[in-house]
Structures are given as C-alpha cells and as structure tokens.
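Novice: As input, take entry-v8.pdb (PDB, C-alpha atoms and all ligand atoms):
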ATOM      1  CA  MET L 290     -23.461  10.671  11.307
ATOM      2  CA  SER L 291     -27.181   9.995  11.340
ATOM      3  CA  GLU L 292     -29.234  10.248  14.545
ATOM      4  CA  ASP L 293     -29.203   6.491  15.057
ATOM      5  CA  GLY L 294     -25.409   6.496  14.992
ATOM      6  CA  THR L 295     -25.044   5.013  11.518
ATOM      7  CA  PRO L 296     -22.199   6.558   9.549
ATOM      8  CA  THR L 297     -23.650   8.602   6.689
ATOM      9  CA  ALA L 298     -20.622  10.380   5.291
ATOM     10  CA  THR L 299     -19.629   9.744   1.693
ATOM     11  CA  ALA L 300     -16.279  10.171   0.029
ATOM     12  CA  THR L 301     -17.342  13.626  -1.104
ATOM     13  CA  ASP L 302     -18.774  14.828   2.217
ATOM     14  CA  ASP L 303     -17.124  17.564   4.192
ATOM     15  CA  ARG L 304     -14.606  16.253   6.723
ATOM     16  CA  ALA L 305     -16.714  17.511   9.619
ATOM     17  CA  ASP L 306     -19.367  14.937   8.714
ATOM     18  CA  ASP L 307     -16.867  12.116   8.546
ATOM     19  CA  PRO L 308     -17.346   9.685  11.453
ATOM     20  CA  GLY L 309     -13.595   9.335  11.935
ATOM     21  CA  GLN L 310     -13.342  13.100  12.489
ATOM     22  CA  ALA L 311     -15.456  13.037  15.631
ATOM     23  CA  GLY L 312     -13.651  10.122  17.266
ATOM     24  CA  LEU L 313     -15.081   6.659  17.010
ATOM     25  CA  ALA L 314     -18.035   6.968  19.405
ATOM     26  CA  GLY L 315     -21.041   5.051  18.139
ATOM     27  CA  LEU L 316     -19.039   3.032  15.622
ATOM     28  CA  HIS L 317     -18.796  -0.737  15.724
ATOM     29  CA  ALA L 318     -15.298  -2.167  15.186
ATOM     30  CA  VAL L 319     -14.428  -5.847  14.759
ATOM     31  CA  VAL L 320     -10.892  -7.026  15.475
ATOM     32  CA  THR L 321     -10.068 -10.626  14.593
ATOM     33  CA  GLY L 322      -7.490 -12.193  16.864
ATOM     34  CA  GLY L 323      -8.331  -9.273  19.157
ATOM     35  CA  ALA L 324      -7.617 -10.912  22.526
ATOM     36  CA  THR L 325      -3.819 -11.139  22.273
ATOM     37  CA  GLY L 326      -0.759  -9.329  20.949
ATOM     38  CA  ILE L 327      -1.238  -6.761  18.206
ATOM     39  CA  GLY L 328      -5.007  -7.371  18.025
ATOM     40  CA  ALA L 329      -5.426  -6.658  21.744
ATOM     41  CA  ALA L 330      -3.448  -3.427  21.403
ATOM     42  CA  VAL L 331      -5.629  -2.363  18.450
ATOM     43  CA  ALA L 332      -8.859  -3.314  20.247
ATOM     44  CA  GLY L 333      -7.778  -1.344  23.328
ATOM     45  CA  ARG L 334      -7.139   1.811  21.334
ATOM     46  CA  LEU L 335     -10.372   1.526  19.349
ATOM     47  CA  ALA L 336     -12.372   0.996  22.555
ATOM     48  CA  ARG L 337     -10.712   3.921  24.324
ATOM     49  CA  ALA L 338     -11.586   6.112  21.296
ATOM     50  CA  GLY L 339     -15.246   5.246  21.888
ATOM     51  CA  ALA L 340     -15.909   2.385  19.475
ATOM     52  CA  ALA L 341     -17.931  -0.638  20.512
ATOM     53  CA  VAL L 342     -15.511  -3.464  19.795
ATOM     54  CA  THR L 343     -16.176  -7.085  18.922
ATOM     55  CA  LEU L 344     -13.189  -9.362  19.432
ATOM     56  CA  MET L 345     -13.231 -12.522  17.310
ATOM     57  CA  ALA L 346     -10.986 -15.533  17.852
ATOM     58  CA  ARG L 347     -11.206 -19.234  18.764
ATOM     59  CA  ASN L 348     -10.296 -19.200  22.461
ATOM     60  CA  ALA L 349     -13.488 -18.272  24.365
ATOM     61  CA  GLU L 350     -11.790 -17.803  27.717
ATOM     62  CA  ARG L 351      -9.167 -15.377  26.409
ATOM     63  CA  LEU L 352     -11.863 -13.481  24.486
ATOM     64  CA  ALA L 353     -14.045 -13.068  27.578
ATOM     65  CA  GLU L 354     -11.100 -11.854  29.660
ATOM     66  CA  ALA L 355      -9.971  -9.345  27.026
ATOM     67  CA  ALA L 356     -13.485  -8.017  26.399
ATOM     68  CA  GLU L 357     -14.081  -7.614  30.137
ATOM     69  CA  ALA L 358     -11.093  -5.280  30.377
ATOM     70  CA  LEU L 359     -12.454  -2.864  27.720
ATOM     71  CA  PRO L 360     -15.160  -0.192  28.080
ATOM     72  CA  ALA L 361     -17.612  -1.499  25.443
ATOM     73  CA  ALA L 362     -16.559  -4.822  24.031
ATOM     74  CA  ALA L 363     -17.735  -8.376  23.519
ATOM     75  CA  GLY L 364     -16.068 -11.568  22.421
ATOM     76  CA  GLU L 365     -17.377 -13.697  19.576
ATOM     77  CA  VAL L 366     -15.929 -17.163  19.159
ATOM     78  CA  CYS L 367     -15.025 -17.539  15.506
ATOM     79  CA  ASP L 368     -12.550 -19.462  13.402
ATOM     80  CA  VAL L 369     -11.933 -17.067  10.508
ATOM     81  CA  THR L 370     -11.377 -20.001   8.140
ATOM     82  CA  ASP L 371     -14.918 -21.334   8.650
ATOM     83  CA  GLU L 372     -17.280 -19.688   6.149
ATOM     84  CA  GLY L 373     -20.472 -20.486   8.071
ATOM     85  CA  GLY L 374     -18.851 -19.631  11.399
ATOM     86  CA  VAL L 375     -17.738 -16.238  10.101
ATOM     87  CA  ARG L 376     -21.249 -15.502   8.829
ATOM     88  CA  ARG L 377     -22.796 -16.445  12.183
ATOM     89  CA  ALA L 378     -20.223 -14.501  14.203
ATOM     90  CA  PHE L 379     -20.800 -11.314  12.190
ATOM     91  CA  ASP L 380     -24.589 -11.770  12.408
ATOM     92  CA  HIS L 381     -24.346 -11.970  16.228
ATOM     93  CA  ALA L 382     -21.940  -9.061  16.391
ATOM     94  CA  VAL L 383     -24.159  -6.839  14.227
ATOM     95  CA  ARG L 384     -27.201  -7.681  16.333
ATOM     96  CA  ARG L 385     -25.254  -6.647  19.449
ATOM     97  CA  PHE L 386     -23.462  -3.463  18.326
ATOM     98  CA  GLY L 387     -24.953  -2.528  14.908
ATOM     99  CA  PRO L 388     -23.393  -2.515  11.422
ATOM    100  CA  VAL L 389     -19.631  -2.871  11.309
ATOM    101  CA  ALA L 390     -17.852   0.389  10.411
ATOM    102  CA  ILE L 391     -14.288  -0.769  11.081
ATOM    103  CA  LEU L 392     -12.815  -4.209  10.406
ATOM    104  CA  VAL L 393      -9.289  -5.096  11.473
ATOM    105  CA  ASN L 394      -8.192  -8.374   9.862
ATOM    106  CA  ASN L 395      -5.526  -9.320  12.375
ATOM    107  CA  ALA L 396      -5.945 -13.065  13.058
ATOM    108  CA  GLY L 397      -2.851 -14.870  11.873
ATOM    109  CA  ILE L 398      -0.472 -17.753  12.351
ATOM    110  CA  ALA L 399       3.207 -17.964  11.491
ATOM    111  CA  PRO L 400       4.627 -21.478  11.484
ATOM    112  CA  THR L 401       8.122 -21.766  10.049
ATOM    113  CA  GLY L 402      10.143 -24.490   8.344
ATOM    114  CA  PRO L 403      11.845 -25.325   5.060
ATOM    115  CA  LEU L 404       9.609 -25.364   1.985
ATOM    116  CA  ALA L 405      10.608 -28.945   1.128
ATOM    117  CA  LYS L 406       9.327 -30.089   4.530
ATOM    118  CA  THR L 407       6.072 -28.103   4.457
ATOM    119  CA  SER L 408       3.058 -30.428   4.158
ATOM    120  CA  LEU L 409       0.149 -29.464   1.944
ATOM    121  CA  ALA L 410      -2.038 -29.322   5.055
ATOM    122  CA  ASP L 411       0.324 -26.885   6.792
ATOM    123  CA  TRP L 412       0.606 -24.734   3.659
ATOM    124  CA  GLN L 413      -3.169 -24.681   3.252
ATOM    125  CA  ARG L 414      -3.795 -23.841   6.920
ATOM    126  CA  VAL L 415      -1.556 -20.743   6.750
ATOM    127  CA  LEU L 416      -3.259 -19.509   3.581
ATOM    128  CA  ASP L 417      -6.680 -20.261   5.087
ATOM    129  CA  VAL L 418      -6.076 -18.243   8.269
ATOM    130  CA  ASN L 419      -3.950 -15.370   6.969
ATOM    131  CA  LEU L 420      -5.540 -14.829   3.550
ATOM    132  CA  THR L 421      -8.897 -16.579   3.212
ATOM    133  CA  GLY L 422      -9.844 -15.410   6.716
ATOM    134  CA  ALA L 423      -9.304 -11.791   5.673
ATOM    135  CA  PHE L 424     -11.373 -12.412   2.529
ATOM    136  CA  LEU L 425     -14.279 -13.998   4.433
ATOM    137  CA  CYS L 426     -14.369 -11.280   7.110
ATOM    138  CA  SER L 427     -14.056  -8.444   4.573
ATOM    139  CA  ARG L 428     -16.838  -9.958   2.477
ATOM    140  CA  ALA L 429     -19.031 -10.063   5.571
ATOM    141  CA  VAL L 430     -18.763  -6.319   6.236
ATOM    142  CA  ILE L 431     -18.442  -4.659   2.825
ATOM    143  CA  PRO L 432     -22.154  -4.458   1.886
ATOM    144  CA  ALA L 433     -23.099  -2.561   5.076
ATOM    145  CA  MET L 434     -20.065  -0.290   4.817
ATOM    146  CA  VAL L 435     -20.957   0.587   1.227
ATOM    147  CA  GLU L 436     -24.556   1.192   2.231
ATOM    148  CA  ALA L 437     -23.394   3.494   5.054
ATOM    149  CA  GLY L 438     -21.012   5.287   2.683
ATOM    150  CA  TRP L 439     -18.157   4.923   5.174
ATOM    151  CA  GLY L 440     -15.917   2.137   6.343
ATOM    152  CA  ARG L 441     -12.371   1.155   7.211
ATOM    153  CA  ILE L 442     -10.803  -2.229   6.497
ATOM    154  CA  VAL L 443      -7.307  -2.570   7.900
ATOM    155  CA  THR L 444      -5.440  -5.830   7.420
ATOM    156  CA  ILE L 445      -2.447  -6.603   9.591
ATOM    157  CA  ALA L 446      -0.167  -8.107   6.972
ATOM    158  CA  SER L 447       3.578  -8.079   7.672
ATOM    159  CA  THR L 448       6.890  -7.043   6.203
ATOM    160  CA  ALA L 449       6.532 -10.602   4.852
ATOM    161  CA  GLY L 450       3.860  -9.121   2.573
ATOM    162  CA  LEU L 451       6.499  -6.859   1.022
ATOM    163  CA  LYS L 452       9.697  -8.909   1.096
ATOM    164  CA  ALA L 453      10.676 -12.550   1.590
ATOM    165  CA  TYR L 454      12.161 -14.462   4.493
ATOM    166  CA  PRO L 455      13.635 -17.968   4.287
ATOM    167  CA  TYR L 456      11.859 -20.867   6.034
ATOM    168  CA  ALA L 457       8.514 -19.047   5.927
ATOM    169  CA  SER L 458       7.235 -19.731   2.402
ATOM    170  CA  ALA L 459       3.573 -20.223   3.322
ATOM    171  CA  TYR L 460       3.600 -17.174   5.603
ATOM    172  CA  VAL L 461       5.307 -14.986   2.990
ATOM    173  CA  ALA L 462       2.891 -16.174   0.290
ATOM    174  CA  SER L 463      -0.139 -15.576   2.534
ATOM    175  CA  LYS L 464       0.978 -12.084   3.516
ATOM    176  CA  HIS L 465       1.793 -11.114  -0.088
ATOM    177  CA  GLY L 466      -1.730 -12.350  -0.829
ATOM    178  CA  ALA L 467      -3.161 -10.225   1.977
ATOM    179  CA  VAL L 468      -1.482  -7.140   0.500
ATOM    180  CA  GLY L 469      -2.859  -8.019  -2.938
ATOM    181  CA  LEU L 470      -6.348  -8.532  -1.526
ATOM    182  CA  THR L 471      -6.083  -5.132   0.171
ATOM    183  CA  ARG L 472      -5.107  -3.393  -3.054
ATOM    184  CA  ALA L 473      -7.913  -5.054  -5.007
ATOM    185  CA  MET L 474     -10.496  -4.132  -2.346
ATOM    186  CA  ALA L 475      -9.236  -0.547  -2.244
ATOM    187  CA  LEU L 476      -9.786  -0.064  -5.979
ATOM    188  CA  GLU L 477     -13.125  -1.825  -5.967
ATOM    189  CA  LEU L 478     -14.349   0.342  -3.070
ATOM    190  CA  ALA L 479     -12.637   3.612  -4.004
ATOM    191  CA  SER L 480     -15.816   5.495  -4.839
ATOM    192  CA  THR L 481     -17.795   4.282  -1.817
ATOM    193  CA  GLY L 482     -16.224   6.004   1.207
ATOM    194  CA  VAL L 483     -14.676   2.718   2.306
ATOM    195  CA  THR L 484     -10.883   2.455   2.476
ATOM    196  CA  ALA L 485      -8.790  -0.716   2.630
ATOM    197  CA  ASN L 486      -5.188  -0.683   3.784
ATOM    198  CA  ALA L 487      -2.584  -3.082   5.101
ATOM    199  CA  VAL L 488      -0.232  -2.450   7.992
ATOM    200  CA  CYS L 489       3.040  -4.356   7.708
ATOM    201  CA  PRO L 490       4.865  -4.713  11.005
ATOM    202  CA  GLY L 491       8.365  -6.087  11.314
ATOM    203  CA  TYR L 492       9.106  -8.561  14.131
ATOM    204  CA  ALA L 493       6.903  -7.444  17.014
ATOM    205  CA  ASP L 494       6.926  -8.223  20.704
ATOM    206  CA  THR L 495       4.132 -10.856  20.793
ATOM    207  CA  ASP L 496       3.552 -14.603  21.202
ATOM    208  CA  ILE L 497       4.229 -15.184  17.500
ATOM    209  CA  VAL L 498       7.828 -14.020  17.877
ATOM    210  CA  ALA L 499       8.191 -15.933  21.165
ATOM    211  CA  ALA L 500       7.093 -19.082  19.283
ATOM    212  CA  SER L 501       9.576 -18.367  16.466
ATOM    213  CA  VAL L 502      12.368 -18.035  19.025
ATOM    214  CA  ARG L 503      11.370 -21.411  20.536
ATOM    215  CA  THR L 504      11.423 -23.007  17.070
ATOM    216  CA  ILE L 505      14.896 -21.626  16.296
ATOM    217  CA  VAL L 506      16.170 -22.905  19.661
ATOM    218  CA  GLU L 507      14.678 -26.367  19.006
ATOM    219  CA  LYS L 508      15.895 -26.621  15.419
ATOM    220  CA  THR L 509      19.367 -25.098  15.789
ATOM    221  CA  GLY L 510      20.330 -25.594  19.428
ATOM    222  CA  ARG L 511      21.073 -21.859  19.722
ATOM    223  CA  GLU L 512      20.371 -20.009  22.986
ATOM    224  CA  ALA L 513      17.069 -18.073  23.157
ATOM    225  CA  ASP L 514      18.916 -14.725  23.466
ATOM    226  CA  GLU L 515      20.899 -15.495  20.341
ATOM    227  CA  ALA L 516      17.772 -16.573  18.427
ATOM    228  CA  LEU L 517      15.951 -13.384  19.425
ATOM    229  CA  ALA L 518      18.979 -11.282  18.468
ATOM    230  CA  ALA L 519      18.901 -12.850  14.982
ATOM    231  CA  LEU L 520      15.301 -11.685  14.519
ATOM    232  CA  VAL L 521      15.897  -8.233  16.027
ATOM    233  CA  LYS L 522      18.852  -7.757  13.654
ATOM    234  CA  ALA L 523      16.408  -7.626  10.725
ATOM    235  CA  ASN L 524      15.196  -4.239  12.000
ATOM    236  CA  PRO L 525      17.716  -1.446  11.283
ATOM    237  CA  GLN L 526      16.578   0.169  14.551
ATOM    238  CA  LYS L 527      17.623  -3.090  16.266
ATOM    239  CA  ARG L 528      14.500  -3.657  18.334
ATOM    240  CA  LEU L 529      11.167  -5.447  18.273
ATOM    241  CA  ILE L 530       8.134  -3.397  17.257
ATOM    242  CA  ASP L 531       5.810  -2.544  20.137
ATOM    243  CA  PRO L 532       2.215  -3.700  19.336
ATOM    244  CA  GLN L 533       1.079  -0.223  20.429
ATOM    245  CA  GLU L 534       2.984   1.293  17.502
ATOM    246  CA  VAL L 535       0.998  -0.915  15.123
ATOM    247  CA  ALA L 536      -2.220   0.015  16.919
ATOM    248  CA  ALA L 537      -1.462   3.727  16.555
ATOM    249  CA  THR L 538      -1.036   3.273  12.785
ATOM    250  CA  VAL L 539      -4.371   1.452  12.596
ATOM    251  CA  MET L 540      -6.019   4.303  14.520
ATOM    252  CA  TRP L 541      -4.685   6.848  12.066
ATOM    253  CA  LEU L 542      -5.972   4.798   9.114
ATOM    254  CA  CYS L 543      -9.398   4.800  10.794
ATOM    255  CA  SER L 544      -9.434   8.588  11.138
ATOM    256  CA  SER L 545     -10.867  11.040   8.638
ATOM    257  CA  ASP L 546      -7.332  12.403   8.133
ATOM    258  CA  ALA L 547      -6.556   9.167   6.293
ATOM    259  CA  ARG L 548      -9.604   9.110   4.053
ATOM    260  CA  SER L 549      -7.466   9.509   0.909
ATOM    261  CA  VAL L 550      -5.124   6.746   2.019
ATOM    262  CA  THR L 551      -6.328   3.518   0.447
ATOM    263  CA  GLY L 552      -4.687   0.484  -1.098
ATOM    264  CA  GLN L 553      -1.501   1.137   0.856
ATOM    265  CA  ALA L 554       0.768  -1.296   2.645
ATOM    266  CA  LEU L 555       2.418   0.709   5.413
ATOM    267  CA  ALA L 556       5.541  -0.800   6.931
ATOM    268  CA  VAL L 557       5.972  -0.294  10.670
ATOM    269  CA  ALA L 558       9.387  -1.866  10.758
ATOM    270  CA  GLY L 559      12.186   0.544  11.673
ATOM    271  CA  GLY L 560      13.272   0.862   8.042
ATOM    272  CA  GLU L 561      13.488  -2.874   7.308
ATOM    273  CA  VAL L 562      11.640  -2.324   4.035
ATOM    274  CA  MET L 563      11.557   0.890   2.016
TER     275      MET L 563
HETATM  276  P1  LIG H 601      -0.794 -13.567  18.390
HETATM  277  O1  LIG H 601      -0.484 -15.010  18.297
HETATM  278  O2  LIG H 601      -0.808 -12.917  19.728
HETATM  279  O3  LIG H 601      -2.161 -13.237  17.677
HETATM  280  C1  LIG H 601      -2.753 -14.021  16.699
HETATM  281  C2  LIG H 601      -4.239 -14.054  16.987
HETATM  282  O4  LIG H 601      -4.916 -14.685  15.912
HETATM  283  C3  LIG H 601      -4.571 -14.823  18.263
HETATM  284  O5  LIG H 601      -5.335 -13.985  19.088
HETATM  285  C4  LIG H 601      -5.389 -16.025  17.795
HETATM  286  O6  LIG H 601      -6.448 -16.290  18.709
HETATM  287  C5  LIG H 601      -5.928 -15.508  16.453
HETATM  288  N1  LIG H 601      -6.178 -16.598  15.509
HETATM  289  C6  LIG H 601      -5.298 -17.513  15.046
HETATM  290  N2  LIG H 601      -5.916 -18.367  14.222
HETATM  291  C7  LIG H 601      -7.213 -17.979  14.154
HETATM  292  C8  LIG H 601      -8.360 -18.464  13.476
HETATM  293  N3  LIG H 601      -8.288 -19.538  12.672
HETATM  294  N4  LIG H 601      -9.527 -17.808  13.635
HETATM  295  C9  LIG H 601      -9.603 -16.729  14.443
HETATM  296  N5  LIG H 601      -8.565 -16.218  15.115
HETATM  297  C10 LIG H 601      -7.383 -16.852  14.980
HETATM  298  O7  LIG H 601       0.291 -12.859  17.470
HETATM  299  P2  LIG H 601       0.414 -11.365  16.903
HETATM  300  O8  LIG H 601      -0.328 -10.410  17.719
HETATM  301  O9  LIG H 601       1.854 -11.163  16.675
HETATM  302  O10 LIG H 601      -0.246 -11.507  15.444
HETATM  303  C11 LIG H 601      -1.283 -10.691  14.974
HETATM  304  C12 LIG H 601      -1.106 -10.460  13.483
HETATM  305  O11 LIG H 601       0.057  -9.692  13.266
HETATM  306  C13 LIG H 601      -0.946 -11.741  12.653
HETATM  307  O12 LIG H 601      -1.680 -11.625  11.461
HETATM  308  C14 LIG H 601       0.543 -11.761  12.353
HETATM  309  O13 LIG H 601       0.845 -12.452  11.174
HETATM  310  C15 LIG H 601       0.814 -10.272  12.227
HETATM  311  N6  LIG H 601       2.202  -9.914  12.384
HETATM  312  C16 LIG H 601       2.886 -10.218  13.537
HETATM  313  C17 LIG H 601       4.220  -9.889  13.635
HETATM  314  C18 LIG H 601       5.025 -10.247  14.837
HETATM  315  O14 LIG H 601       6.265 -10.197  14.748
HETATM  316  N7  LIG H 601       4.440 -10.544  15.984
HETATM  317  C19 LIG H 601       4.922  -9.177  12.555
HETATM  318  C20 LIG H 601       4.097  -8.904  11.422
HETATM  319  C21 LIG H 601       2.802  -9.261  11.348
HETATM  320  P3  LIG H 601      -7.025 -17.770  18.964
HETATM  321  O15 LIG H 601      -5.837 -18.666  19.081
HETATM  322  O16 LIG H 601      -7.843 -17.644  20.210
HETATM  323  O17 LIG H 601      -7.878 -18.081  17.781
END
Would you encode the structure as structure tokens?
Specialist:
Amino acid sequence: MSEDGTPTATATDDRADDPGQAGLAGLHAVVTGGATGIGAAVAGRLARAGAAVTLMARNAERLAEAAEALPAAAGEVCDVTDEGGVRRAFDHAVRRFGPVAILVNNAGIAPTGPLAKTSLADWQRVLDVNLTGAFLCSRAVIPAMVEAGWGRIVTIASTAGLKAYPYASAYVASKHGAVGLTRAMALELASTGVTANAVCPGYADTDIVAASVRTIVEKTGREADEALAALVKANPQKRLIDPQEVAATVMWLCSSDARSVTGQALAVAGGEVM
C-alpha cells in the first residue's frame, strides 16, 4: 500500500504487498443495502477489520443508526436504480473516505408471485434493483480500482442465481443476471488486480424471508410456522443461513488469500445447490 493508504498492489505483486493481506485498514468499502440483514452483517465485519465503510440504501434513518454503531462508517442515501443518484452517492463517499477498494452489491428485493400475474412494472423493478443496481454501482468503482491495481467486487446474488424457484421468475432472472454480470466483469478485469465474485446464499434469516413467509400465509392460508418450514426444507441442512455466514464468505473473498478466486458464484446454502 502506498503512504497515502491507496492500494498499490497488482495481480503480480508479492502477497505481502496485497492490501487484503494486512487486514482492511485504510481501505474504503461500500456496501449497498448495508443497514439491514446480510448487508449489515457484511458491513459490521468489514468495519471491524479496519475498513472505512459507506452504507448505501434509501432509508436515511436506518442508515444513520447502522453507521453510528460501526467504528468508521457513514450512510449515503442512494437508490441503486437511479443513475444520477448512484453517481452522486459515490462522489460523496469518495470525498469522505477516498477511492473505493471494496464494493459489495447487496441491495435487493424479492417479491414473489406467479409469472402470469407479474406486471411489467414489477418485473422491471426487480431487474432494476437486483441487476441494474449492481451494474451501476460496479461501473462507478471500476476505474479507480483498476487505477489502484487492486479491488474487490462481491455481489450478493442467491441460490436463485444458480437454480430456479417457482413463483419468483423476476427474482430468478435478476439473480441469474447478477451471476452473469459477475462472470463478465471477472474476465474483463482479470489482468488488473480486481476480482469480481458472487455469493449465493440459500434462504437466510432476514426481513426478506420474513416477508416471503407473510406472503405465503396470505396467499395460502397456511400457518407461519408451516410456511417457514417449507422454505427451510429447501436447505439439506434444514435451517436458515445466518447472515454472518454470508459475511464471513465475503470477508474471505476480500482477502489476499482469495486473489485467484474470480468469476465464481459461491453457494452458501447447506448443499442446496452443488
Ligand atoms: P433486507 O431486506 O434486509 O436487505 C435488502 C436491502 O436492500 C435493504 O437494506 C434495503 O434498504 C436495500 N435496498 C432495497 N432496494 C434498494 C434500492 N433501490 N436502492 C438501494 N438499496 C435498496 O434483506 P437481505 O439482507 O436478505 O437481502 C440482502 C441481499 O441478499 C439481497 O440482494 C437478497 O436478494 C440477497 N439474498 C437474500 C436471501 C435471503 O434469504 N434473505 C437469500 C439469497 C440472497 P432500503 O429499503 O433502505 O433501501
């Protein structure tokens, strides 16, 4: 790392010079959707490893509360589907904490329903948040990462990026797209010291799953316990994934140990996909 804290390692540098090798002190990480669920778990780990963390999402109050609880963090209100808003949010964030070395594309939504009853607006919204958002945020950070010769882009996709589920066509399509985007970025950036990977959790213990349970109860009249059990059954280990398990995988991908790991879609799903 250079004296001003800018990562200087290249793909061919010795590991000792790799920023990820020395912990994340001095590095700026951005986590979209970083105030809740998986994003909050990731942001917490990155901050405790020494990174300055920018949390980006739409809810200003939740962002402020989450940032306050971390050692070096700030919230930046941003709708990842808004091209100008993304540009402004990254400009502010870079002015505050310096060039972005780590981007975690985590913001996502997961509405469910039969394909035949999915409106074009609902379909488009899911693609906009889960796929276009990752594109816009990645595009915002790539030039500085390439210039620094080091960077990590980790996209929280889903097992729905690797297999299909019924009643989730837009979500499945968006997450397959996120995995494809990751693979394309990985190849394009392979010689630059920047890696791009996707993490693909199975059903995890967050608000998204709580909302899915509510939808199943509403649509089918089943009890909440029964609805949750139906989701948990998808995981051969018969449990929800803990957001901390996803965060630990992200941390490893950000380390120098994972510098040869790029273009991968790693399932954290108890064997649901293999
Ligand atoms: P949460 O609902 O807790 O997190 C989603 C986050 O995304 C929220 O913080 C929300 O903040 C943010 N967000 C939503 N829309 C936008 C937007 N347009 N612009 C900026 N931020 C936005 O659920 P999870 O933690 O579960 O989800 C995190 C990621 O993990 C998602 O991509 C999800 O698809 C993925 N995932 C989740 C699984 C699960 O079972 N929970 C399984 C596999 C993948 P705000 O509303 O303030 O904008």
Novice: Could you give me, as a count of residues only, every polymer residue with an atom at most 7 Å away from an atom of ligand LIG 601 (chain H), counting only C-alpha atoms and all ligand atoms?
Specialist: 38
Novice: Might you pull out every residue within 10 Å of Asp371 in chain L, with all atoms listed in the file counted and same-chain residues fewer than 6 positions away left off, and present them as a list of chain:residue names?
Specialist: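 Skipping anything fewer than 6 positions along the chain leaves L:Arg377, L:Asp417, L:Val418, L:Thr421, L:Gly422, L:Leu425.
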Novice: The PyMOL selection byres (((chain L and resi 319) around 7) and not hetatm) - which residues does that actually catch in the file I just gave you? List them as a ChimeraX atom specification.
Specialist: /L:317-318,320-321,342-344,389,391-393
Novice: Might you pull out every residue within 10 Å of Ala485 in chain L, with all atoms listed in the file counted and same-chain residues fewer than 3 positions away left off, and present them as a short mmCIF file (atom, residue, chain, number, x, y, z; two decimals) with C-alpha atoms, in the frame of the given file?
Specialist:
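Once written, around_28.cif looks like this:
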data_model
loop_
_atom_site.label_atom_id
_atom_site.label_comp_id
_atom_site.auth_asym_id
_atom_site.auth_seq_id
_atom_site.Cartn_x
_atom_site.Cartn_y
_atom_site.Cartn_z
CA LEU L 392 -12.82 -4.21 10.41
CA VAL L 393 -9.29 -5.10 11.47
CA SER L 427 -14.06 -8.44 4.57
CA GLY L 440 -15.92 2.14 6.34
CA ARG L 441 -12.37 1.16 7.21
CA ILE L 442 -10.80 -2.23 6.50
CA VAL L 443 -7.31 -2.57 7.90
CA THR L 444 -5.44 -5.83 7.42
CA VAL L 468 -1.48 -7.14 0.50
CA LEU L 470 -6.35 -8.53 -1.53
CA THR L 471 -6.08 -5.13 0.17
CA ARG L 472 -5.11 -3.39 -3.05
CA ALA L 473 -7.91 -5.05 -5.01
CA MET L 474 -10.50 -4.13 -2.35
CA ALA L 475 -9.24 -0.55 -2.24
CA LEU L 476 -9.79 -0.06 -5.98
CA GLU L 477 -13.12 -1.82 -5.97
CA LEU L 478 -14.35 0.34 -3.07
CA ALA L 479 -12.64 3.61 -4.00
CA LEU L 542 -5.97 4.80 9.11
CA CYS L 543 -9.40 4.80 10.79
CA ARG L 548 -9.60 9.11 4.05
CA VAL L 550 -5.12 6.75 2.02
CA THR L 551 -6.33 3.52 0.45
CA GLY L 552 -4.69 0.48 -1.10
CA GLN L 553 -1.50 1.14 0.86
CA ALA L 554 0.77 -1.30 2.64
#
Novice: Quick one: pull the distance between CA of Leu316 in chain L and CA of Trp439 in chain L, Å, one decimal.
Specialist: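 So the two atoms, CA of Leu316 in chain L and CA of Trp439 in chain L, lie 10.7 Å apart.
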Novice: Please list as a PyMOL selection string every residue within 6 Å of Ala449 in chain L, counting all atoms listed in the file and excluding residues in the same chain fewer than 2 positions away.
Specialist: chain L and resi 447+451-453+461+464
Novice: Measuring atom to atom with all atoms listed in the file, identify which of L:Ala462, L:Ala423, L:Ala516, L:Ala429 is nearest to Ala487 in chain L.
Specialist: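 Answer, going by the shortest atom-to-atom distance: L:Ala423.
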Novice: Of the candidates L:Arg428, L:Arg376, L:Lys522, L:His381, which shows the shortest atom-to-atom distance to Asn394 in chain L, using all atoms listed in the file?
Specialist: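 Nearest candidate to Asn394 in chain L out of L:Arg428, L:Arg376, L:Lys522, L:His381: L:Arg428.
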Novice: Between L:Ala437, L:Ala457, L:Val366, L:Val383, which is the closest to Gly402 in chain L once you count only C-alpha atoms?
Specialist: L:Ala457
Novice: For a quick check of understanding, using all atoms listed in the file, which of L:Thr509, L:Thr401, L:Gln413, L:Ser549 has the smallest distance to Gly482 in chain L?
Specialist: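 That would be L:Ser549, the residue with the smallest distance to Gly482 in chain L.
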Novice: Can you list, as number ranges by chain, every protein, DNA or RNA residue that comes within 12 Å of Ala358 in chain L when you count all atoms listed in the file, leaving out same-chain residues fewer than 4 positions away?
Specialist: L: 324, 329-330, 332-333, 336-337, 342, 344, 351-354, 362-364
Novice: What's the separation between CA of Gly466 in chain L and CA of Ile505 in chain L, in Å to one decimal place?
Specialist: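 CA of Gly466 in chain L sits 25.6 Å away from CA of Ile505 in chain L.
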Novice: Which value, in Å to one decimal, gives the distance between CA of Ala340 in chain L and CA of Met434 in chain L?
Specialist: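 Computed distance, CA of Ala340 in chain L to CA of Met434 in chain L, equals 15.5 Å.
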Novice: I need the output of the PyMOL selection byres (((chain L and resi 558-560) around 6) and not hetatm) for this file as a list in words; which residues are they?
Specialist: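 Selected by the PyMOL selection byres (((chain L and resi 558-560) around 6) and not hetatm) in this file: Pro490, Gly491, Asn524, Pro525, Gln526, Ala556, Val557, Glu561 and Val562 of chain L.
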Novice: Which polymer residues, whether protein, DNA or RNA, lie within 12 Å of the coordinate (18.2, -13.8, 15.6) when you count all atoms listed in the file? List them as an MDAnalysis selection string, using the chain letters and numbers from the file.
Specialist: chainID L and resid 492 498:499 501:506 509 511:524 527:529
